[in-house]
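Trainee: mmCIF, C-alpha atoms, saved as target23.cif, coming up:
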data_target
loop_
_atom_site.group_PDB
_atom_site.id
_atom_site.type_symbol
_atom_site.label_atom_id
_atom_site.label_comp_id
_atom_site.auth_asym_id
_atom_site.auth_seq_id
_atom_site.Cartn_x
_atom_site.Cartn_y
_atom_site.Cartn_z
ATOM 1 C CA MET A 1 -24.530 -22.457 -44.740
ATOM 2 C CA THR A 2 -22.963 -19.473 -42.970
ATOM 3 C CA THR A 3 -19.279 -19.306 -42.093
ATOM 4 C CA ALA A 4 -18.214 -18.003 -38.673
ATOM 5 C CA ASN A 5 -16.250 -14.780 -38.688
ATOM 6 C CA LYS A 6 -12.516 -15.205 -38.375
ATOM 7 C CA THR A 7 -10.978 -14.307 -35.037
ATOM 8 C CA PRO A 8 -9.553 -10.768 -35.445
ATOM 9 C CA PRO A 9 -5.910 -10.295 -34.425
ATOM 10 C CA GLY A 10 -5.057 -8.172 -31.417
ATOM 11 C CA ALA A 11 -2.313 -5.565 -31.132
ATOM 12 C CA ASP A 12 1.331 -6.562 -30.887
ATOM 13 C CA PRO A 13 2.083 -6.934 -27.132
ATOM 14 C CA LYS A 14 5.127 -4.706 -27.612
ATOM 15 C CA GLN A 15 2.659 -1.848 -28.088
ATOM 16 C CA LEU A 16 1.151 -2.632 -24.686
ATOM 17 C CA GLU A 17 4.597 -2.586 -23.100
ATOM 18 C CA ARG A 18 5.377 0.798 -24.638
ATOM 19 C CA THR A 19 2.356 2.329 -22.892
ATOM 20 C CA GLY A 20 4.070 1.686 -19.560
ATOM 21 C CA THR A 21 0.845 0.276 -18.078
ATOM 22 C CA VAL A 22 1.855 -3.414 -18.147
ATOM 23 C CA ARG A 23 4.993 -5.514 -17.697
ATOM 24 C CA GLU A 24 5.776 -8.982 -19.050
ATOM 25 C CA ILE A 25 6.412 -11.435 -16.198
ATOM 26 C CA GLY A 26 6.706 -14.796 -17.931
ATOM 27 C CA SER A 27 10.367 -15.019 -16.938
ATOM 28 C CA GLN A 28 9.322 -15.062 -13.257
ATOM 29 C CA ALA A 29 7.356 -18.294 -13.714
ATOM 30 C CA VAL A 30 8.177 -21.981 -14.085
ATOM 31 C CA TRP A 31 6.774 -23.329 -17.369
ATOM 32 C CA SER A 32 5.827 -26.924 -18.162
ATOM 33 C CA LEU A 33 3.951 -28.735 -20.940
ATOM 34 C CA SER A 34 1.761 -31.813 -21.065
ATOM 35 C CA SER A 35 3.875 -33.030 -23.997
ATOM 36 C CA CYS A 36 6.127 -31.727 -26.746
ATOM 37 C CA LYS A 37 7.962 -32.863 -29.813
ATOM 38 C CA PRO A 38 11.752 -32.707 -29.201
ATOM 39 C CA GLY A 39 13.025 -29.235 -30.104
ATOM 40 C CA PHE A 40 9.526 -27.713 -30.025
ATOM 41 C CA GLY A 41 8.952 -26.957 -26.358
ATOM 42 C CA VAL A 42 8.951 -24.147 -23.798
ATOM 43 C CA ASP A 43 12.039 -22.465 -25.257
ATOM 44 C CA GLN A 44 10.232 -22.000 -28.563
ATOM 45 C CA LEU A 45 7.155 -20.571 -26.810
ATOM 46 C CA ARG A 46 9.281 -17.921 -25.114
ATOM 47 C CA ASP A 47 11.953 -16.993 -27.671
ATOM 48 C CA ASP A 48 10.222 -13.884 -29.157
ATOM 49 C CA ASN A 49 10.359 -15.542 -32.573
ATOM 50 C CA LEU A 50 7.066 -15.936 -34.433
ATOM 51 C CA GLU A 51 8.650 -18.492 -36.773
ATOM 52 C CA THR A 52 9.155 -21.061 -33.985
ATOM 53 C CA TYR A 53 6.462 -22.867 -32.006
ATOM 54 C CA TRP A 54 5.536 -25.420 -29.387
ATOM 55 C CA GLN A 55 4.245 -28.656 -30.892
ATOM 56 C CA SER A 56 2.439 -31.090 -28.623
ATOM 57 C CA ASP A 57 3.015 -34.821 -28.918
ATOM 58 C CA GLY A 58 0.216 -36.608 -27.101
ATOM 59 C CA SER A 59 -3.501 -36.827 -26.508
ATOM 60 C CA GLN A 60 -5.777 -33.837 -25.902
ATOM 61 C CA PRO A 61 -6.158 -31.672 -23.956
ATOM 62 C CA HIS A 62 -2.735 -30.148 -24.569
ATOM 63 C CA LEU A 63 -1.601 -28.127 -21.552
ATOM 64 C CA VAL A 64 0.704 -25.181 -20.884
ATOM 65 C CA ASN A 65 1.326 -24.720 -17.147
ATOM 66 C CA ILE A 66 2.646 -21.400 -15.812
ATOM 67 C CA GLN A 67 3.518 -21.440 -12.094
ATOM 68 C CA PHE A 68 4.678 -18.485 -9.995
ATOM 69 C CA ARG A 69 6.638 -18.767 -6.750
ATOM 70 C CA ARG A 70 4.354 -16.243 -5.063
ATOM 71 C CA LYS A 71 0.790 -15.086 -5.621
ATOM 72 C CA THR A 72 0.973 -12.779 -8.618
ATOM 73 C CA THR A 73 -1.343 -10.219 -10.192
ATOM 74 C CA VAL A 74 -1.996 -11.047 -13.834
ATOM 75 C CA LYS A 75 -3.962 -8.811 -16.192
ATOM 76 C CA THR A 76 -3.573 -10.229 -19.705
ATOM 77 C CA LEU A 77 -2.423 -13.308 -21.589
ATOM 78 C CA CYS A 78 -1.264 -12.882 -25.173
ATOM 79 C CA ILE A 79 -1.144 -15.974 -27.388
ATOM 80 C CA TYR A 80 0.120 -16.019 -30.969
ATOM 81 C CA ALA A 81 -1.535 -18.456 -33.366
ATOM 82 C CA ASP A 82 -1.249 -18.635 -37.161
ATOM 83 C CA TYR A 83 -3.812 -20.671 -39.074
ATOM 84 C CA LYS A 84 -2.222 -19.930 -42.451
ATOM 85 C CA SER A 85 1.003 -21.628 -41.357
ATOM 86 C CA ASP A 86 -0.307 -24.264 -38.963
ATOM 87 C CA GLU A 87 -3.685 -25.285 -40.439
ATOM 88 C CA SER A 88 -4.995 -28.355 -38.532
ATOM 89 C CA TYR A 89 -2.457 -27.758 -35.729
ATOM 90 C CA THR A 90 -4.131 -24.417 -34.922
ATOM 91 C CA PRO A 91 -6.197 -24.351 -31.695
ATOM 92 C CA SER A 92 -9.938 -23.844 -32.152
ATOM 93 C CA LYS A 93 -10.998 -24.068 -28.503
ATOM 94 C CA ILE A 94 -8.894 -22.921 -25.541
ATOM 95 C CA SER A 95 -9.631 -22.996 -21.812
ATOM 96 C CA VAL A 96 -7.787 -20.729 -19.351
ATOM 97 C CA ARG A 97 -7.695 -21.900 -15.743
ATOM 98 C CA VAL A 98 -6.207 -20.400 -12.585
ATOM 99 C CA GLY A 99 -5.583 -21.604 -9.038
ATOM 100 C CA ASN A 100 -3.009 -22.297 -6.340
ATOM 101 C CA ASN A 101 -1.852 -25.591 -7.878
ATOM 102 C CA PHE A 102 -2.902 -28.440 -10.178
ATOM 103 C CA HIS A 103 -5.515 -29.677 -7.687
ATOM 104 C CA ASN A 104 -7.778 -26.609 -7.486
ATOM 105 C CA LEU A 105 -7.701 -25.029 -10.938
ATOM 106 C CA GLN A 106 -10.877 -23.263 -12.040
ATOM 107 C CA GLU A 107 -11.757 -22.189 -15.567
ATOM 108 C CA ILE A 108 -12.179 -18.431 -15.934
ATOM 109 C CA ARG A 109 -12.205 -18.115 -19.725
ATOM 110 C CA GLN A 110 -13.019 -20.321 -22.702
ATOM 111 C CA LEU A 111 -12.295 -19.112 -26.229
ATOM 112 C CA GLU A 112 -13.586 -20.291 -29.590
ATOM 113 C CA LEU A 113 -11.057 -19.413 -32.316
ATOM 114 C CA VAL A 114 -11.794 -19.298 -36.032
ATOM 115 C CA GLU A 115 -8.715 -19.370 -38.258
ATOM 116 C CA PRO A 116 -6.732 -16.975 -36.011
ATOM 117 C CA SER A 117 -3.741 -15.228 -37.517
ATOM 118 C CA GLY A 118 -1.993 -13.016 -34.986
ATOM 119 C CA TRP A 119 -2.057 -12.164 -31.307
ATOM 120 C CA ILE A 120 -5.006 -13.247 -29.181
ATOM 121 C CA HIS A 121 -5.502 -11.103 -26.067
ATOM 122 C CA VAL A 122 -7.134 -12.827 -23.099
ATOM 123 C CA ALA A 123 -8.189 -10.540 -20.237
ATOM 124 C CA LEU A 124 -7.761 -12.254 -16.867
ATOM 125 C CA THR A 125 -10.166 -10.446 -14.551
ATOM 126 C CA ASP A 126 -12.417 -11.350 -11.646
ATOM 127 C CA THR A 127 -16.145 -10.639 -11.285
ATOM 128 C CA HIS A 128 -15.303 -7.024 -10.391
ATOM 129 C CA LYS A 129 -13.230 -6.581 -13.581
ATOM 130 C CA LYS A 130 -10.012 -6.426 -11.564
ATOM 131 C CA PRO A 131 -6.858 -8.356 -12.573
ATOM 132 C CA ILE A 132 -6.692 -11.769 -10.933
ATOM 133 C CA ARG A 133 -4.140 -12.825 -8.327
ATOM 134 C CA THR A 134 -2.938 -16.391 -8.710
ATOM 135 C CA PHE A 135 -0.094 -18.846 -8.217
ATOM 136 C CA MET A 136 -0.797 -20.764 -11.405
ATOM 137 C CA ILE A 137 -2.238 -20.357 -14.902
ATOM 138 C CA GLN A 138 -3.059 -23.295 -17.135
ATOM 139 C CA ILE A 139 -3.823 -22.927 -20.844
ATOM 140 C CA ALA A 140 -5.627 -25.997 -22.187
ATOM 141 C CA VAL A 141 -6.091 -26.642 -25.904
ATOM 142 C CA LEU A 142 -9.364 -28.574 -26.058
ATOM 143 C CA ALA A 143 -9.685 -28.826 -29.839
ATOM 144 C CA ASN A 144 -7.877 -27.927 -33.059
ATOM 145 C CA HIS A 145 -9.075 -26.849 -36.481
ATOM 146 C CA GLN A 146 -10.081 -29.664 -38.840
ATOM 147 C CA ASN A 147 -10.092 -32.058 -35.859
ATOM 148 C CA GLY A 148 -6.304 -31.962 -35.730
ATOM 149 C CA ARG A 149 -4.647 -34.132 -33.075
ATOM 150 C CA ASP A 150 -1.590 -32.142 -32.005
ATOM 151 C CA THR A 151 -1.318 -28.399 -31.635
ATOM 152 C CA HIS A 152 0.999 -25.480 -32.380
ATOM 153 C CA MET A 153 1.367 -22.303 -30.323
ATOM 154 C CA ARG A 154 3.966 -19.800 -31.433
ATOM 155 C CA GLN A 155 4.294 -17.429 -28.465
ATOM 156 C CA ILE A 156 2.720 -16.806 -25.062
ATOM 157 C CA LYS A 157 3.163 -13.589 -23.058
ATOM 158 C CA VAL A 158 1.956 -12.907 -19.508
ATOM 159 C CA TYR A 159 1.333 -9.340 -18.320
ATOM 160 C CA THR A 160 0.901 -7.717 -14.931
ATOM 161 C CA PRO A 161 -0.320 -4.131 -14.462
ATOM 162 C CA VAL A 162 2.285 -1.513 -13.568
ATOM 163 C CA GLU A 163 1.275 0.359 -10.434
ATOM 164 C CA GLU A 164 1.457 4.127 -10.684
ATOM 165 C CA SER A 165 3.985 5.566 -8.266
ATOM 166 C CA SER A 166 2.364 7.603 -5.511
ATOM 167 C CA ILE A 167 5.285 10.020 -5.705
ATOM 168 C CA GLY A 168 4.158 11.126 -9.136
ATOM 169 C CA LYS A 169 0.743 12.117 -7.800
ATOM 170 C CA PHE A 170 2.024 15.098 -5.795
ATOM 171 C CA PRO A 171 1.950 18.499 -7.545
ATOM 172 C CA ARG A 172 5.245 20.171 -8.189
ATOM 173 C CA CYS A 173 6.032 23.023 -5.776
ATOM 174 C CA THR A 174 7.689 26.183 -7.027
ATOM 175 C CA THR A 175 10.307 27.944 -4.939
ATOM 176 C CA ILE A 176 7.749 30.566 -3.871
ATOM 177 C CA ASP A 177 5.217 27.880 -2.952
ATOM 178 C CA PHE A 178 7.814 26.153 -0.826
ATOM 179 C CA MET A 179 8.820 29.338 0.942
ATOM 180 C CA MET A 180 5.177 30.159 1.705
ATOM 181 C CA TYR A 181 4.647 26.695 3.154
ATOM 182 C CA ARG A 182 7.852 26.969 5.164
ATOM 183 C CA SER A 183 6.767 30.299 6.617
ATOM 184 C CA ILE A 184 3.478 29.002 8.023
ATOM 185 C CA ARG A 185 5.154 27.983 11.278
ATOM 186 C CA SER A 186 7.813 30.687 11.216
ATOM 187 C CA PRO A 187 8.095 33.222 14.038
ATOM 188 C CA ALA A 188 6.515 36.614 13.377
ATOM 189 C CA HIS A 189 9.851 38.390 13.053
ATOM 190 C CA LYS A 190 10.695 36.265 9.960
ATOM 191 C CA ILE A 191 7.594 37.278 7.993
ATOM 192 C CA LYS A 192 9.104 40.538 6.786
ATOM 193 C CA HIS A 193 12.225 38.692 5.604
ATOM 194 C CA PHE A 194 10.026 36.174 3.748
ATOM 195 C CA GLN A 195 8.025 38.947 2.025
ATOM 196 C CA THR A 196 11.251 40.570 0.880
ATOM 197 C CA ASN A 197 12.460 37.295 -0.650
ATOM 198 C CA VAL A 198 9.161 36.762 -2.469
ATOM 199 C CA ALA A 199 9.262 40.275 -3.900
ATOM 200 C CA LEU A 200 12.847 39.729 -5.075
ATOM 201 C CA LEU A 201 11.952 36.442 -6.777
ATOM 202 C CA GLU A 202 9.010 38.020 -8.566
ATOM 203 C CA GLU A 203 11.183 40.913 -9.691
ATOM 204 C CA LEU A 204 13.693 38.467 -11.156
ATOM 205 C CA LYS A 205 10.809 36.522 -12.773
ATOM 206 C CA TRP A 206 11.923 33.362 -11.052
ATOM 207 C CA PRO A 207 10.342 30.325 -12.815
#
Turn the structure described in the file into structure tokens.

Mentor:
Amino acid sequence: MTTANKTPPGADPKQLERTGTVREIGSQAVWSLSSCKPGFGVDQLRDDNLETYWQSDGSQPHLVNIQFRRKTTVKTLCIYADYKSDESYTPSKISVRVGNNFHNLQEIRQLELVEPSGWIHVALTDTHKKPIRTFMIQIAVLANHQNGRDTHMRQIKVYTPVEESSIGKFPRCTTIDFMMYRSIRSPAHKIKHFQTNVALLEELKWP
């Protein structure tokens, strides 16, 4: 009998943030859970502490609901799970759904996890490989390892792409470049004055 390969851990989301290409936006959303054990709820999912966790307290599927006040571009979900610590509480099958509200959610990803230990990166893209735009994300735990009833999740992060500023796309103009551009519409009698200034700048080795 063959054993399925363990789910490899992804990079720490902090590394993604340091690239400057994504931004964490979980704080802009309203979070809710299908159930939780007292003291093991949303606060523990969002406290940046891998030692704490959400623990469900009800029947499956166990749900995490993330709702934004406006339609939001989302690129990646990062979920931290730890089989070594959580054993039968560790999710083995997760569904990710998006939509405007609870009534029109559609599944866009389903993951099979095998003894995960670390960050799980879930790309949220449409059929054209572009980040989705949505009002709501729902993470549904459909099954746990060893047929466990309740589940543990230790952290969830939500990332949006950072748009490159159009200002940064323009080339830098040197003083000489600027003067040449400025002189394009200058009267003819100013051309000699411009040429003198350029020669002086070059003589001084102006940067």

Trainee: Go through the shown structure with the PyMOL selection byres ((chain A and resi 30) around 12) and write out the matching residues as a PyMOL selection string.

Mentor: chain A and resi 25-29+31-33+42-43+46+64-70+135-138

Trainee: For A:Asn5, which residue out of A:Lys75, A:Tyr80, A:Gly58, A:Val114 is the nearest one, using only C-alpha atoms?

Mentor: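 Among A:Lys75, A:Tyr80, A:Gly58, A:Val114, it is A:Val114 that comes nearest to A:Asn5.
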
Trainee: Work out how far atom CA of A:Ser92 is from atom CA of A:His121, in Å to one decimal.

Mentor: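 So the answer is 14.8 Å.
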
Trainee: What does the structure give for the distance between atom CA of A:His62 and atom CA of A:Leu124, in Å to one decimal?

Mentor: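 Going from atom CA of A:His62 over to atom CA of A:Leu124, I get 20.1 Å.
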
Trainee: Taking the file above as input, evaluate the PyMOL selection byres ((chain A and resi 151) around 8) and report the hits as a list in words.

Mentor: Trp54, Gln55, Ser56, His62, Ser88, Tyr89, Thr90, Pro91, Val141, Asn144, Gly148, Arg149, Asp150, His152 and Met153 of chain A

Trainee: Just the number, please: distance in Å from atom CA of A:Pro61 to atom CA of A:Glu107, one decimal.

Mentor: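 Value for the atom CA of A:Pro61-atom CA of A:Glu107 distance: 13.8 Å.
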
Trainee: Could you write stretch 41-58 of chain A of the block just shown to a file containing C-alpha atoms, as an mmCIF file, in the first residue's frame?

Mentor:
data_model
loop_
_atom_site.group_PDB
_atom_site.id
_atom_site.type_symbol
_atom_site.label_atom_id
_atom_site.label_comp_id
_atom_site.auth_asym_id
_atom_site.auth_seq_id
_atom_site.Cartn_x
_atom_site.Cartn_y
_atom_site.Cartn_z
ATOM 1 C CA GLY A 41 -12.176 31.834 17.821
ATOM 2 C CA VAL A 42 -11.464 34.594 15.306
ATOM 3 C CA ASP A 43 -9.026 36.411 17.597
ATOM 4 C CA GLN A 44 -6.808 33.332 17.690
ATOM 5 C CA LEU A 45 -6.937 32.984 13.890
ATOM 6 C CA ARG A 46 -5.685 36.544 13.464
ATOM 7 C CA ASP A 47 -3.221 37.086 16.323
ATOM 8 C CA ASP A 48 0.024 36.286 14.400
ATOM 9 C CA ASN A 49 0.754 33.552 16.936
ATOM 10 C CA LEU A 50 1.315 30.045 15.579
ATOM 11 C CA GLU A 51 0.789 28.574 19.054
ATOM 12 C CA THR A 52 -2.893 29.603 19.174
ATOM 13 C CA TYR A 53 -5.712 28.322 16.973
ATOM 14 C CA TRP A 54 -9.383 28.305 16.102
ATOM 15 C CA GLN A 55 -11.158 25.177 17.315
ATOM 16 C CA SER A 56 -14.589 24.408 15.909
ATOM 17 C CA ASP A 57 -17.348 23.071 18.130
ATOM 18 C CA GLY A 58 -20.063 21.626 15.923
#
